[in-house]
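> My structure is in structure-v2.tsv, and what it holds is TSV, C-alpha atoms:
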```tsv
chain	number	residue	atom	x	y	z
A	120	MET	CA	-27.99	-163.58	-59.19
A	121	GLY	CA	-26.50	-160.73	-57.14
A	122	ILE	CA	-22.97	-159.41	-57.43
A	123	ASP	CA	-20.70	-158.79	-54.46
A	124	PRO	CA	-18.45	-155.69	-54.25
A	125	ASN	CA	-15.63	-157.61	-56.02
A	126	ASN	CA	-17.92	-158.48	-59.00
A	127	LYS	CA	-18.12	-162.17	-58.08
A	128	PRO	CA	-21.51	-163.91	-58.46
A	129	LEU	CA	-22.78	-164.21	-54.90
A	130	SER	CA	-24.07	-167.71	-55.49
A	131	LEU	CA	-20.57	-168.95	-56.41
A	132	LEU	CA	-18.62	-166.97	-53.86
A	133	GLY	CA	-15.98	-169.33	-52.47
A	134	ARG	CA	-16.97	-172.08	-54.90
A	135	GLY	CA	-14.32	-171.50	-57.60
A	136	PRO	CA	-12.31	-174.61	-56.68
A	137	CYS	CA	-15.50	-176.72	-56.84
A	138	LEU	CA	-16.30	-175.43	-60.33
A	139	ASP	CA	-12.68	-176.01	-61.37
A	140	ALA	CA	-12.90	-179.65	-60.24
A	141	LEU	CA	-16.02	-180.14	-62.38
A	142	ARG	CA	-14.26	-178.50	-65.33
A	143	GLY	CA	-11.37	-180.94	-64.88
A	144	ALA	CA	-13.80	-183.87	-64.84
A	145	LEU	CA	-15.37	-182.52	-68.03
A	146	GLY	CA	-11.95	-182.36	-69.68
A	147	ARG	CA	-11.27	-186.01	-68.88
A	148	ALA	CA	-14.71	-187.03	-70.14
A	149	VAL	CA	-14.30	-185.09	-73.40
A	150	ALA	CA	-11.03	-187.00	-73.85
A	151	GLY	CA	-13.01	-190.27	-73.77
A	152	VAL	CA	-12.99	-191.28	-70.09
A	153	ARG	CA	-16.21	-192.28	-68.34
A	154	ILE	CA	-16.27	-190.09	-65.21
A	155	LEU	CA	-18.52	-189.89	-62.17
A	156	ALA	CA	-18.37	-186.59	-60.30
A	157	THR	CA	-20.19	-186.28	-57.01
A	158	VAL	CA	-20.92	-182.86	-55.57
A	159	VAL	CA	-21.55	-183.26	-51.85
A	160	GLY	CA	-23.01	-180.60	-49.62
A	161	THR	CA	-25.53	-180.03	-46.88
A	162	ALA	CA	-28.92	-178.47	-47.60
A	163	GLY	CA	-28.50	-174.83	-48.60
A	164	SER	CA	-24.75	-175.10	-49.27
A	165	GLY	CA	-25.03	-174.33	-52.97
A	166	VAL	CA	-25.00	-177.77	-54.64
A	167	THR	CA	-27.89	-176.92	-56.98
A	168	THR	CA	-26.46	-173.53	-57.88
A	169	LEU	CA	-23.07	-175.07	-58.66
A	170	LEU	CA	-24.75	-177.67	-60.88
A	171	ASP	CA	-26.75	-174.91	-62.64
A	172	VAL	CA	-23.65	-172.82	-63.35
A	173	PHE	CA	-21.68	-175.85	-64.54
A	174	ALA	CA	-24.51	-176.98	-66.83
A	175	ALA	CA	-24.70	-173.49	-68.35
A	176	GLU	CA	-20.93	-173.49	-68.99
A	177	VAL	CA	-21.10	-176.90	-70.66
A	178	ARG	CA	-23.98	-175.78	-72.87
A	179	GLU	CA	-22.04	-172.62	-73.81
A	180	GLN	CA	-19.28	-174.94	-75.06
A	181	GLY	CA	-21.79	-176.58	-77.39
A	182	GLN	CA	-22.21	-179.80	-75.40
A	183	GLU	CA	-25.57	-181.39	-74.68
A	184	VAL	CA	-26.53	-181.55	-71.02
A	185	ARG	CA	-29.34	-183.73	-69.75
A	186	ARG	CA	-30.56	-183.11	-66.24
A	187	ALA	CA	-32.89	-184.72	-63.74
A	188	GLU	CA	-33.83	-184.10	-60.16
A	189	ALA	CA	-34.57	-186.86	-57.67
A	190	PHE	CA	-37.08	-186.50	-54.87
A	191	GLU	CA	-37.65	-188.69	-51.82
A	192	ALA	CA	-41.26	-189.37	-52.86
A	193	GLN	CA	-40.05	-190.90	-56.16
A	194	ARG	CA	-37.38	-193.15	-54.66
A	195	SER	CA	-39.53	-196.24	-55.09
A	196	ASP	CA	-40.43	-195.39	-58.72
A	197	PRO	CA	-38.05	-197.65	-60.72
A	198	GLY	CA	-36.21	-195.91	-63.53
A	199	HIS	CA	-37.67	-192.43	-63.06
A	200	ILE	CA	-34.27	-190.70	-63.16
A	201	ALA	CA	-33.08	-192.75	-66.15
A	202	GLU	CA	-36.31	-191.86	-67.95
A	203	ASP	CA	-35.90	-188.15	-67.17
A	204	LEU	CA	-32.32	-188.33	-68.53
A	205	GLY	CA	-33.42	-190.23	-71.62
A	206	ILE	CA	-31.02	-193.14	-71.08
A	207	GLY	CA	-31.58	-196.83	-71.53
A	208	GLY	CA	-28.57	-198.00	-69.55
A	209	ARG	CA	-26.48	-199.15	-72.48
A	210	PRO	CA	-23.16	-197.44	-73.26
A	211	SER	CA	-23.18	-194.84	-75.99
A	212	ASP	CA	-20.50	-193.80	-78.45
A	213	ARG	CA	-21.74	-190.22	-78.19
A	214	PHE	CA	-20.32	-187.90	-75.55
A	215	SER	CA	-22.84	-187.15	-72.81
A	216	VAL	CA	-23.09	-184.94	-69.75
A	217	LEU	CA	-25.77	-186.15	-67.35
A	218	ILE	CA	-26.58	-184.26	-64.16
A	219	VAL	CA	-28.70	-185.56	-61.30
A	220	ASP	CA	-29.53	-183.25	-58.40
A	221	GLY	CA	-30.79	-184.77	-55.15
A	222	ALA	CA	-29.05	-188.02	-56.06
A	223	GLN	CA	-29.42	-189.37	-52.53
A	224	TRP	CA	-33.07	-189.96	-53.54
A	225	ALA	CA	-32.35	-191.62	-56.90
A	226	ASP	CA	-33.96	-195.01	-57.42
A	227	ALA	CA	-31.80	-198.13	-57.59
A	228	THR	CA	-32.87	-198.97	-61.16
A	229	SER	CA	-31.68	-195.60	-62.47
A	230	ILE	CA	-28.44	-195.87	-60.50
A	231	ALA	CA	-27.85	-199.30	-62.07
A	232	MET	CA	-28.38	-197.83	-65.54
A	233	LEU	CA	-25.97	-194.96	-64.85
A	234	ARG	CA	-23.44	-197.41	-63.42
A	235	GLU	CA	-23.68	-199.48	-66.62
A	236	MET	CA	-23.04	-196.34	-68.70
A	237	LEU	CA	-19.98	-195.54	-66.61
A	238	SER	CA	-18.55	-199.03	-66.84
A	239	GLY	CA	-19.35	-199.52	-70.54
A	240	SER	CA	-16.80	-199.97	-73.26
A	241	GLY	CA	-18.18	-197.54	-75.86
A	242	ALA	CA	-15.74	-195.19	-77.53
A	243	GLY	CA	-17.38	-192.03	-76.20
A	244	GLY	CA	-16.69	-190.40	-72.87
A	245	VAL	CA	-19.44	-189.65	-70.43
A	246	LEU	CA	-19.66	-187.36	-67.44
A	247	VAL	CA	-22.26	-188.17	-64.82
A	248	VAL	CA	-22.53	-185.47	-62.14
A	249	MET	CA	-24.47	-186.41	-59.01
A	250	GLY	CA	-25.35	-183.67	-56.52
A	251	ARG	CA	-26.15	-185.18	-53.15
A	252	ARG	CA	-26.22	-184.74	-49.39
A	253	PRO	CA	-23.46	-186.30	-47.27
A	254	PHE	CA	-23.98	-189.97	-46.47
A	255	PRO	CA	-24.89	-190.42	-42.80
A	256	GLY	CA	-22.32	-192.81	-41.41
A	257	ARG	CA	-21.48	-195.87	-43.47
A	258	GLU	CA	-23.74	-195.89	-46.54
A	259	VAL	CA	-24.46	-199.13	-48.40
A	260	SER	CA	-26.87	-197.82	-51.02
A	261	ALA	CA	-26.66	-198.39	-54.78
A	262	LEU	CA	-25.28	-194.84	-55.11
A	263	ALA	CA	-22.52	-195.45	-52.56
A	264	GLU	CA	-21.64	-198.71	-54.32
A	265	MET	CA	-21.47	-196.94	-57.70
A	266	GLU	CA	-19.11	-194.36	-56.21
A	267	LYS	CA	-16.93	-197.10	-54.72
A	268	VAL	CA	-16.65	-199.07	-57.97
A	269	THR	CA	-15.95	-195.92	-59.99
A	270	ALA	CA	-13.27	-194.84	-57.53
A	271	GLN	CA	-11.58	-198.23	-57.84
A	272	ARG	CA	-11.03	-197.62	-61.54
A	273	GLY	CA	-9.78	-194.06	-60.93
A	274	ALA	CA	-12.78	-192.34	-62.49
A	275	LEU	CA	-14.42	-190.70	-59.46
A	276	VAL	CA	-14.15	-186.97	-58.79
A	277	THR	CA	-15.55	-185.91	-55.41
A	278	VAL	CA	-16.34	-182.24	-54.86
A	279	GLU	CA	-17.18	-181.36	-51.27
A	280	ILE	CA	-18.81	-177.99	-50.73
A	281	ALA	CA	-17.48	-176.51	-47.52
A	282	PRO	CA	-18.99	-173.64	-45.58
A	283	LEU	CA	-18.03	-170.18	-46.81
A	284	SER	CA	-14.75	-168.85	-45.47
A	285	THR	CA	-14.69	-166.00	-42.98
A	286	ASP	CA	-13.41	-163.63	-45.68
A	287	ASP	CA	-16.10	-164.66	-48.19
A	288	LEU	CA	-18.84	-164.28	-45.60
A	289	ALA	CA	-17.49	-160.91	-44.47
A	290	SER	CA	-17.49	-159.70	-48.09
A	291	ILE	CA	-21.25	-160.23	-48.52
A	292	ALA	CA	-22.72	-159.50	-45.09
A	293	PRO	CA	-22.71	-156.39	-42.94
A	294	PRO	CA	-19.88	-156.62	-40.38
A	295	ASP	CA	-22.16	-157.14	-37.38
A	296	LEU	CA	-24.11	-159.92	-39.11
A	297	ALA	CA	-20.95	-161.55	-40.48
A	298	GLY	CA	-19.42	-161.50	-36.99
A	299	SER	CA	-22.53	-163.08	-35.47
A	300	LEU	CA	-22.68	-165.77	-38.15
A	301	ILE	CA	-19.01	-166.59	-37.80
A	302	ALA	CA	-19.33	-166.75	-34.00
A	303	ALA	CA	-22.37	-169.02	-34.25
A	304	THR	CA	-21.04	-171.39	-36.90
A	305	GLY	CA	-17.29	-171.34	-36.48
```
If you convert what's in this file into structure tokens, what do you get?

Amino acid sequence: MGIDPNNKPLSLLGRGPCLDALRGALGRAVAGVRILATVVGTAGSGVTTLLDVFAAEVREQGQEVRRAEAFEAQRSDPGHIAEDLGIGGRPSDRFSVLIVDGAQWADATSIAMLREMLSGSGAGGVLVVMGRRPFPGREVSALAEMEKVTAQRGALVTVEIAPLSTDDLASIAPPDLAGSLIAATG
């Protein structure tokens, strides 16, 4: 990971508030709440990097992190994400941090198992972090339904990764390139 002139990791430049939101979700989960955090961003916006950095922080705090990645080709493979995470769908009394990248491709069976974990009545908190692309229009998938139900009980944290600010972009790119990028993308 490169370092910009201000000693910030380039991959997290402008993403401090996103990481802070995940840290807040972790705090609530450690306190016993079952939390769903969705990290939403377009391809190349830094969702995976943010998830990597967050997972490393959680591990540094001594917490177990289980992670899986969903792919479009596996979408019809029932339970593949749940299997990768090592969950059986029933609530646990042990604190867990589960991270799924590419969640827009997660299979419905795995989503149902994660939803059951989030709605369970076990004593332990759980944090499920789902990195995904924005839903095109009005989404009615199992993932969108899980987000809706979790939001209704006040346990959804949504982190939207916005494009880099003009200042952040200017701090990592030569002035002529930064100017061209800003002019082209707004």
> Check the smallest atom-to-atom distance from each of A:Pro293, A:Pro253, A:Gly165, A:Gly273 to Ser238 of chain A using all atoms listed in the file, then report the winner.
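Checking each of A:Pro293, A:Pro253, A:Gly165, A:Gly273 against Ser238 of chain A, counting all atoms listed in the file, the winner is A:Gly273.
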> With distances taken over all atoms listed in the file, which of A:Ala281, A:Val248, A:Ala292, A:Cys137 is nearest to Leu155 of chain A?
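Nearest candidate to Leu155 of chain A out of A:Ala281, A:Val248, A:Ala292, A:Cys137: A:Val248.
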> Would you list the contacts of Ala231 of chain A as a list in words, taking every protein, DNA or RNA residue within 9 Å and counting all atoms listed in the file, but skipping same-chain residues closer than 4 positions in sequence?
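Close residues of Ala231 of chain A: Gly208, Asp226, Ala227, Glu235, Met236, Ala261, Leu262 and Met265 of chain A.
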> Using atom CA of Ser164 of chain A and atom CA of Gln223 of chain A as the two end points, give the distance in Å to one decimal.
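A separation of 15.4 Å between them.
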> Determine, counting only C-alpha atoms, which protein, DNA and RNA residues have an atom within 12 Å of an atom of Val247 of chain A; residues of the same chain fewer than 2 positions away are not included. Present the result as a PyMOL selection string.
chain A and resi 141+144-145+147-148+152-158+170+174+184-187+201+204+206+214-220+222+230+232-238+244-245+249-250+265-266+269+274-277
> Emit the selected residues as a PDB file, in the coordinates of the input, including C-alpha atoms.

```pdb
ATOM      1  CA  LEU A 141     -16.020-180.140 -62.380  1.00  0.00           C
ATOM      2  CA  ALA A 144     -13.800-183.870 -64.840  1.00  0.00           C
ATOM      3  CA  LEU A 145     -15.370-182.520 -68.030  1.00  0.00           C
ATOM      4  CA  ARG A 147     -11.270-186.010 -68.880  1.00  0.00           C
ATOM      5  CA  ALA A 148     -14.710-187.030 -70.140  1.00  0.00           C
ATOM      6  CA  VAL A 152     -12.990-191.280 -70.090  1.00  0.00           C
ATOM      7  CA  ARG A 153     -16.210-192.280 -68.340  1.00  0.00           C
ATOM      8  CA  ILE A 154     -16.270-190.090 -65.210  1.00  0.00           C
ATOM      9  CA  LEU A 155     -18.520-189.890 -62.170  1.00  0.00           C
ATOM     10  CA  ALA A 156     -18.370-186.590 -60.300  1.00  0.00           C
ATOM     11  CA  THR A 157     -20.190-186.280 -57.010  1.00  0.00           C
ATOM     12  CA  VAL A 158     -20.920-182.860 -55.570  1.00  0.00           C
ATOM     13  CA  LEU A 170     -24.750-177.670 -60.880  1.00  0.00           C
ATOM     14  CA  ALA A 174     -24.510-176.980 -66.830  1.00  0.00           C
ATOM     15  CA  VAL A 184     -26.530-181.550 -71.020  1.00  0.00           C
ATOM     16  CA  ARG A 185     -29.340-183.730 -69.750  1.00  0.00           C
ATOM     17  CA  ARG A 186     -30.560-183.110 -66.240  1.00  0.00           C
ATOM     18  CA  ALA A 187     -32.890-184.720 -63.740  1.00  0.00           C
ATOM     19  CA  ALA A 201     -33.080-192.750 -66.150  1.00  0.00           C
ATOM     20  CA  LEU A 204     -32.320-188.330 -68.530  1.00  0.00           C
ATOM     21  CA  ILE A 206     -31.020-193.140 -71.080  1.00  0.00           C
ATOM     22  CA  PHE A 214     -20.320-187.900 -75.550  1.00  0.00           C
ATOM     23  CA  SER A 215     -22.840-187.150 -72.810  1.00  0.00           C
ATOM     24  CA  VAL A 216     -23.090-184.940 -69.750  1.00  0.00           C
ATOM     25  CA  LEU A 217     -25.770-186.150 -67.350  1.00  0.00           C
ATOM     26  CA  ILE A 218     -26.580-184.260 -64.160  1.00  0.00           C
ATOM     27  CA  VAL A 219     -28.700-185.560 -61.300  1.00  0.00           C
ATOM     28  CA  ASP A 220     -29.530-183.250 -58.400  1.00  0.00           C
ATOM     29  CA  ALA A 222     -29.050-188.020 -56.060  1.00  0.00           C
ATOM     30  CA  ILE A 230     -28.440-195.870 -60.500  1.00  0.00           C
ATOM     31  CA  MET A 232     -28.380-197.830 -65.540  1.00  0.00           C
ATOM     32  CA  LEU A 233     -25.970-194.960 -64.850  1.00  0.00           C
ATOM     33  CA  ARG A 234     -23.440-197.410 -63.420  1.00  0.00           C
ATOM     34  CA  GLU A 235     -23.680-199.480 -66.620  1.00  0.00           C
ATOM     35  CA  MET A 236     -23.040-196.340 -68.700  1.00  0.00           C
ATOM     36  CA  LEU A 237     -19.980-195.540 -66.610  1.00  0.00           C
ATOM     37  CA  SER A 238     -18.550-199.030 -66.840  1.00  0.00           C
ATOM     38  CA  GLY A 244     -16.690-190.400 -72.870  1.00  0.00           C
ATOM     39  CA  VAL A 245     -19.440-189.650 -70.430  1.00  0.00           C
ATOM     40  CA  MET A 249     -24.470-186.410 -59.010  1.00  0.00           C
ATOM     41  CA  GLY A 250     -25.350-183.670 -56.520  1.00  0.00           C
ATOM     42  CA  MET A 265     -21.470-196.940 -57.700  1.00  0.00           C
ATOM     43  CA  GLU A 266     -19.110-194.360 -56.210  1.00  0.00           C
ATOM     44  CA  THR A 269     -15.950-195.920 -59.990  1.00  0.00           C
ATOM     45  CA  ALA A 274     -12.780-192.340 -62.490  1.00  0.00           C
ATOM     46  CA  LEU A 275     -14.420-190.700 -59.460  1.00  0.00           C
ATOM     47  CA  VAL A 276     -14.150-186.970 -58.790  1.00  0.00           C
ATOM     48  CA  THR A 277     -15.550-185.910 -55.410  1.00  0.00           C
TER      49      THR A 277
END
```
> To one decimal place in Å, what is the distance between atom CA of Arg252 of chain A and atom CA of Val172 of chain A?
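Atom CA of Val172 of chain A lies 18.5 Å from atom CA of Arg252 of chain A.
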> Name the closest residue to Thr167 of chain A among the candidates A:Ser229, A:Gly205, A:Gly135, A:Ile280; distances are taken between atoms, counting only C-alpha atoms.
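Checking each of A:Ser229, A:Gly205, A:Gly135, A:Ile280 against Thr167 of chain A, counting only C-alpha atoms, the winner is A:Ile280.
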> Quick one: pull the distance between atom CA of Ile200 of chain A and atom CA of Arg272 of chain A, Å, one decimal.
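Straight-line distance from atom CA of Ile200 of chain A to atom CA of Arg272 of chain A works out to 24.3 Å.
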> Please, which residues in segment 212-296 of chain A fall within 6 Å of segment 191-197 of chain A when counting all atoms listed in the file, and what is the closest atom pair and distance in Å to one decimal for each, ordered by chain then residue number, as a tab-separated table?

```
residue	atom	partner	partner_atom	distance
A:Trp224	CA	A:Glu191	CA	5.1
A:Ala225	CA	A:Arg194	CA	5.7
A:Asp226	CA	A:Arg194	CA	4.8
A:Thr228	CA	A:Pro197	CA	5.4
```
> Using the partial input, fill out segment 180-202 of chain A with N, CA, C and O atoms; write the result as a PDB file, in the frame of the given file.

```pdb
ATOM      1  N   GLN A 180     -20.348-174.293 -74.280  1.00  0.00           N
ATOM      2  CA  GLN A 180     -19.280-174.940 -75.060  1.00  0.00           C
ATOM      3  C   GLN A 180     -19.841-175.808 -76.179  1.00  0.00           C
ATOM      4  O   GLN A 180     -19.090-176.465 -76.894  1.00  0.00           O
ATOM      5  N   GLY A 181     -21.163-175.824 -76.318  1.00  0.00           N
ATOM      6  CA  GLY A 181     -21.790-176.580 -77.390  1.00  0.00           C
ATOM      7  C   GLY A 181     -22.087-178.029 -77.071  1.00  0.00           C
ATOM      8  O   GLY A 181     -22.449-178.806 -77.953  1.00  0.00           O
ATOM      9  N   GLN A 182     -21.949-178.421 -75.806  1.00  0.00           N
ATOM     10  CA  GLN A 182     -22.210-179.800 -75.400  1.00  0.00           C
ATOM     11  C   GLN A 182     -23.661-179.934 -74.933  1.00  0.00           C
ATOM     12  O   GLN A 182     -24.214-179.009 -74.341  1.00  0.00           O
ATOM     13  N   GLU A 183     -24.227-181.102 -75.172  1.00  0.00           N
ATOM     14  CA  GLU A 183     -25.570-181.390 -74.680  1.00  0.00           C
ATOM     15  C   GLU A 183     -25.495-181.755 -73.206  1.00  0.00           C
ATOM     16  O   GLU A 183     -24.613-182.506 -72.792  1.00  0.00           O
ATOM     17  N   VAL A 184     -26.412-181.223 -72.442  1.00  0.00           N
ATOM     18  CA  VAL A 184     -26.530-181.550 -71.020  1.00  0.00           C
ATOM     19  C   VAL A 184     -27.941-182.054 -70.783  1.00  0.00           C
ATOM     20  O   VAL A 184     -28.904-181.400 -71.159  1.00  0.00           O
ATOM     21  N   ARG A 185     -28.038-183.216 -70.166  1.00  0.00           N
ATOM     22  CA  ARG A 185     -29.340-183.730 -69.750  1.00  0.00           C
ATOM     23  C   ARG A 185     -29.370-183.734 -68.236  1.00  0.00           C
ATOM     24  O   ARG A 185     -28.388-184.116 -67.607  1.00  0.00           O
ATOM     25  N   ARG A 186     -30.498-183.304 -67.682  1.00  0.00           N
ATOM     26  CA  ARG A 186     -30.560-183.110 -66.240  1.00  0.00           C
ATOM     27  C   ARG A 186     -31.839-183.686 -65.671  1.00  0.00           C
ATOM     28  O   ARG A 186     -32.881-183.632 -66.307  1.00  0.00           O
ATOM     29  N   ALA A 187     -31.724-184.208 -64.463  1.00  0.00           N
ATOM     30  CA  ALA A 187     -32.890-184.720 -63.740  1.00  0.00           C
ATOM     31  C   ALA A 187     -32.736-184.352 -62.271  1.00  0.00           C
ATOM     32  O   ALA A 187     -31.635-184.088 -61.798  1.00  0.00           O
ATOM     33  N   GLU A 188     -33.851-184.358 -61.589  1.00  0.00           N
ATOM     34  CA  GLU A 188     -33.830-184.100 -60.160  1.00  0.00           C
ATOM     35  C   GLU A 188     -34.580-185.226 -59.457  1.00  0.00           C
ATOM     36  O   GLU A 188     -35.676-185.598 -59.870  1.00  0.00           O
ATOM     37  N   ALA A 189     -33.961-185.769 -58.436  1.00  0.00           N
ATOM     38  CA  ALA A 189     -34.570-186.860 -57.670  1.00  0.00           C
ATOM     39  C   ALA A 189     -35.227-186.302 -56.415  1.00  0.00           C
ATOM     40  O   ALA A 189     -34.721-185.360 -55.802  1.00  0.00           O
ATOM     41  N   PHE A 190     -36.343-186.898 -56.065  1.00  0.00           N
ATOM     42  CA  PHE A 190     -37.080-186.500 -54.870  1.00  0.00           C
ATOM     43  C   PHE A 190     -37.366-187.739 -54.025  1.00  0.00           C
ATOM     44  O   PHE A 190     -37.579-188.832 -54.560  1.00  0.00           O
ATOM     45  N   GLU A 191     -37.429-187.560 -52.722  1.00  0.00           N
ATOM     46  CA  GLU A 191     -37.650-188.690 -51.820  1.00  0.00           C
ATOM     47  C   GLU A 191     -38.931-189.442 -52.176  1.00  0.00           C
ATOM     48  O   GLU A 191     -38.961-190.671 -52.167  1.00  0.00           O
ATOM     49  N   ALA A 192     -39.980-188.730 -52.544  1.00  0.00           N
ATOM     50  CA  ALA A 192     -41.260-189.370 -52.860  1.00  0.00           C
ATOM     51  C   ALA A 192     -41.175-190.290 -54.074  1.00  0.00           C
ATOM     52  O   ALA A 192     -41.995-191.190 -54.230  1.00  0.00           O
ATOM     53  N   GLN A 193     -40.181-190.084 -54.953  1.00  0.00           N
ATOM     54  CA  GLN A 193     -40.050-190.900 -56.160  1.00  0.00           C
ATOM     55  C   GLN A 193     -39.049-192.046 -56.006  1.00  0.00           C
ATOM     56  O   GLN A 193     -38.844-192.808 -56.945  1.00  0.00           O
ATOM     57  N   ARG A 194     -38.446-192.167 -54.849  1.00  0.00           N
ATOM     58  CA  ARG A 194     -37.380-193.150 -54.660  1.00  0.00           C
ATOM     59  C   ARG A 194     -37.803-194.575 -55.010  1.00  0.00           C
ATOM     60  O   ARG A 194     -37.014-195.378 -55.469  1.00  0.00           O
ATOM     61  N   SER A 195     -39.063-194.888 -54.802  1.00  0.00           N
ATOM     62  CA  SER A 195     -39.530-196.240 -55.090  1.00  0.00           C
ATOM     63  C   SER A 195     -40.099-196.385 -56.501  1.00  0.00           C
ATOM     64  O   SER A 195     -40.655-197.420 -56.846  1.00  0.00           O
ATOM     65  N   ASP A 196     -39.947-195.366 -57.333  1.00  0.00           N
ATOM     66  CA  ASP A 196     -40.430-195.390 -58.720  1.00  0.00           C
ATOM     67  C   ASP A 196     -39.281-195.831 -59.632  1.00  0.00           C
ATOM     68  O   ASP A 196     -38.446-195.019 -60.022  1.00  0.00           O
ATOM     69  N   PRO A 197     -39.199-197.128 -59.971  1.00  0.00           N
ATOM     70  CA  PRO A 197     -38.050-197.650 -60.720  1.00  0.00           C
ATOM     71  C   PRO A 197     -37.828-196.935 -62.055  1.00  0.00           C
ATOM     72  O   PRO A 197     -38.750-196.791 -62.848  1.00  0.00           O
ATOM     73  N   GLY A 198     -36.609-196.491 -62.249  1.00  0.00           N
ATOM     74  CA  GLY A 198     -36.210-195.910 -63.530  1.00  0.00           C
ATOM     75  C   GLY A 198     -36.621-194.481 -63.771  1.00  0.00           C
ATOM     76  O   GLY A 198     -36.415-193.968 -64.878  1.00  0.00           O
ATOM     77  N   HIS A 199     -37.173-193.785 -62.777  1.00  0.00           N
ATOM     78  CA  HIS A 199     -37.670-192.430 -63.060  1.00  0.00           C
ATOM     79  C   HIS A 199     -36.548-191.462 -63.429  1.00  0.00           C
ATOM     80  O   HIS A 199     -36.729-190.620 -64.303  1.00  0.00           O
ATOM     81  N   ILE A 200     -35.384-191.584 -62.824  1.00  0.00           N
ATOM     82  CA  ILE A 200     -34.270-190.700 -63.160  1.00  0.00           C
ATOM     83  C   ILE A 200     -33.729-191.041 -64.552  1.00  0.00           C
ATOM     84  O   ILE A 200     -33.486-190.155 -65.386  1.00  0.00           O
ATOM     85  N   ALA A 201     -33.562-192.320 -64.822  1.00  0.00           N
ATOM     86  CA  ALA A 201     -33.080-192.750 -66.150  1.00  0.00           C
ATOM     87  C   ALA A 201     -34.033-192.261 -67.240  1.00  0.00           C
ATOM     88  O   ALA A 201     -33.599-191.789 -68.299  1.00  0.00           O
ATOM     89  N   GLU A 202     -35.319-192.342 -66.976  1.00  0.00           N
ATOM     90  CA  GLU A 202     -36.310-191.860 -67.950  1.00  0.00           C
ATOM     91  C   GLU A 202     -36.184-190.356 -68.150  1.00  0.00           C
ATOM     92  O   GLU A 202     -36.199-189.874 -69.290  1.00  0.00           O
TER      93      GLU A 202
END
```
